[in-house]
Amino acid sequence: MSDAEIRMVESHSPPARPGDPTAAAFFDVDNTIVRGASIFHLAKGLYHRGFLTPRDICRFALQQGRFLALGEHPHALAEVQTRALAFIAGRSVAEMRTIGEEVFEDILANKIWPGTLALARMHEDAGQRVWLVTATPIEIAEVIAQRLALTGALGTIPEHVDGRYTGQLVGAPMHGEAKADAVAALAQREGLSLRRCAAYSDSANDIPLLSLVGHPVAINPDGRLRAHARANGWQVHDYRTTRRAAKIGLPAAGAGVLAGFAAGALLANKRQDKLPEPPSAGCPRRASELTGTNGQKKTDRR
């Protein structure tokens with residue numbers, strides 16, 4: 001895998017020599033760090049800014065619901081990918097980045113799982129670097145990494161030349177085996193010992209990534225991942241309410257890939273060896289963006 005395919009964003013000038021340079025943590029985004037699909041939150045933000053019509057957002061929601069209920073199908077993935085890439089061809093990368101920043105402030109900052117963010121902070125406090133690994137387009141993944149003050153992000157990369165999208169991808173979507181390949185390449189480049197690294201995800205589609213590291217952890221897992229984690233002695237942490245946890249049987253990661261391409265199209269068309277003990281779900285360290293002025297955790301009002 002080329003350097004372009006594992007392109008990262010280095011946020012907040014992290015130390016050139018981390019305190020624990022051979023260990024790192026890798027976090028999936030959707031339903032692991034962010035409640036729901038980050039790209040769907042982006043679509044909602046676009047709708048509220050007048051970029052999408054009610055028909056657009058309803059079609060998008062119905063499509064995502066179908067993927068969540070039925071799971072991923074290779075032919076459907078290829079069809080959505082082709083259509084979405086055609087829509088974004090010729091559009092500005094800067095436009096997506098700007099909107100991504102605004103949507104994080106307005107929506108995503110209030111959708112972060114405090115317990116998962118606290119785990120990321122514990123890795124940082126141990127001198128380890130923390131990357132996001134997600135099917136979300138890299139421009140959006142970079143915004144989330146920067147705003148959460150993480151080391152960087154690995155995401156699906158739409159090709160662009162002279163600041164505009166070409167309508168092609170650089171490599172494959174960051175999904176399934178591609179995540180494991182990207183992390184393995186990054187580990188080799190950065191001198192990481194995968195045996196000492198940790199990975200966190202909610203989806204059985206990320207079992208290749210979780211199996212790659214010495215410390216796999218299931219966060220808010222779907223049914224398949226929960227069963228696999230139990231069978232293999234992996235840690236499991238569920239930060240959802242009982243009502244949400246009852247829905248764990250729905251496959252989600254496939255929907256994240258397809259929704260990512262769909263939202264991109266809508267936008268363009270409209271404009272050391274021991275893993276730290278996990279903290280409680282409501283106690284994120286240095287997560288001021290998740291608390292009110294009285295120190296109470298913000299609630300997710302729907």
# chains A, B, ... in the order shown; residues from 1 in each chain; ligands from 1

call {"tool": "closest_atom_pairs", "arguments": {"of": "segment 22-50 of chain A", "to": "segment 181-205 of chain A", "cutoff": "6 Å", "atoms": "only C-alpha atoms", "output": "JSON lines"}}
result
{"residue": "A:Thr22", "atom": "CA", "partner": "A:Leu192", "partner_atom": "CA", "distance": 4.1}
{"residue": "A:Ala23", "atom": "CA", "partner": "A:Cys197", "partner_atom": "CA", "distance": 4.9}
{"residue": "A:Ala24", "atom": "CA", "partner": "A:Cys197", "partner_atom": "CA", "distance": 4.9}
{"residue": "A:Ala25", "atom": "CA", "partner": "A:Ala198", "partner_atom": "CA", "distance": 4.7}
{"residue": "A:Phe26", "atom": "CA", "partner": "A:Ala199", "partner_atom": "CA", "distance": 4.6}
{"residue": "A:Phe27", "atom": "CA", "partner": "A:Tyr200", "partner_atom": "CA", "distance": 4.9}
{"residue": "A:Asp28", "atom": "CA", "partner": "A:Ser201", "partner_atom": "CA", "distance": 5.1}
{"residue": "A:Thr32", "atom": "CA", "partner": "A:Asp202", "partner_atom": "CA", "distance": 5.6}

call {"tool": "select_by_dssp", "arguments": {"residues": "segment 71-163 of chain A", "states": "strand (DSSP E or B)", "output": "MDAnalysis selection string"}}
result
chainID A and resid 92 112 129:137 152:156 158:161

call {"tool": "atom_distance", "arguments": {"atom1": "atom CA of Lys179 of chain A", "atom2": "atom CA of Ala141 of chain A"}}
result
13.7 Å

call {"tool": "atom_distance", "arguments": {"atom1": "atom CA of Ser92 of chain A", "atom2": "atom CA of Arg164 of chain A"}}
result
4.6 Å

call {"tool": "atom_distance", "arguments": {"atom1": "atom CA of Ser211 of chain A", "atom2": "atom CA of Gly152 of chain A"}}
result
21.3 Å

call {"tool": "residues_around", "arguments": {"residues": "Ala178 of chain A", "least_positions_apart": "4", "cutoff": "12 Å", "atoms": "only C-alpha atoms", "output": "list in words"}}
result
Met1, Glu5, Ile6, Val133, Thr134, Ala135, Leu154, Gly155, Thr156, Gly171, Ala172, Pro173, Met174, Ala182, Val183, Ala184, Ala185, Asn205, Asp206, Ile207, Pro208, Leu209 and Val257 of chain A
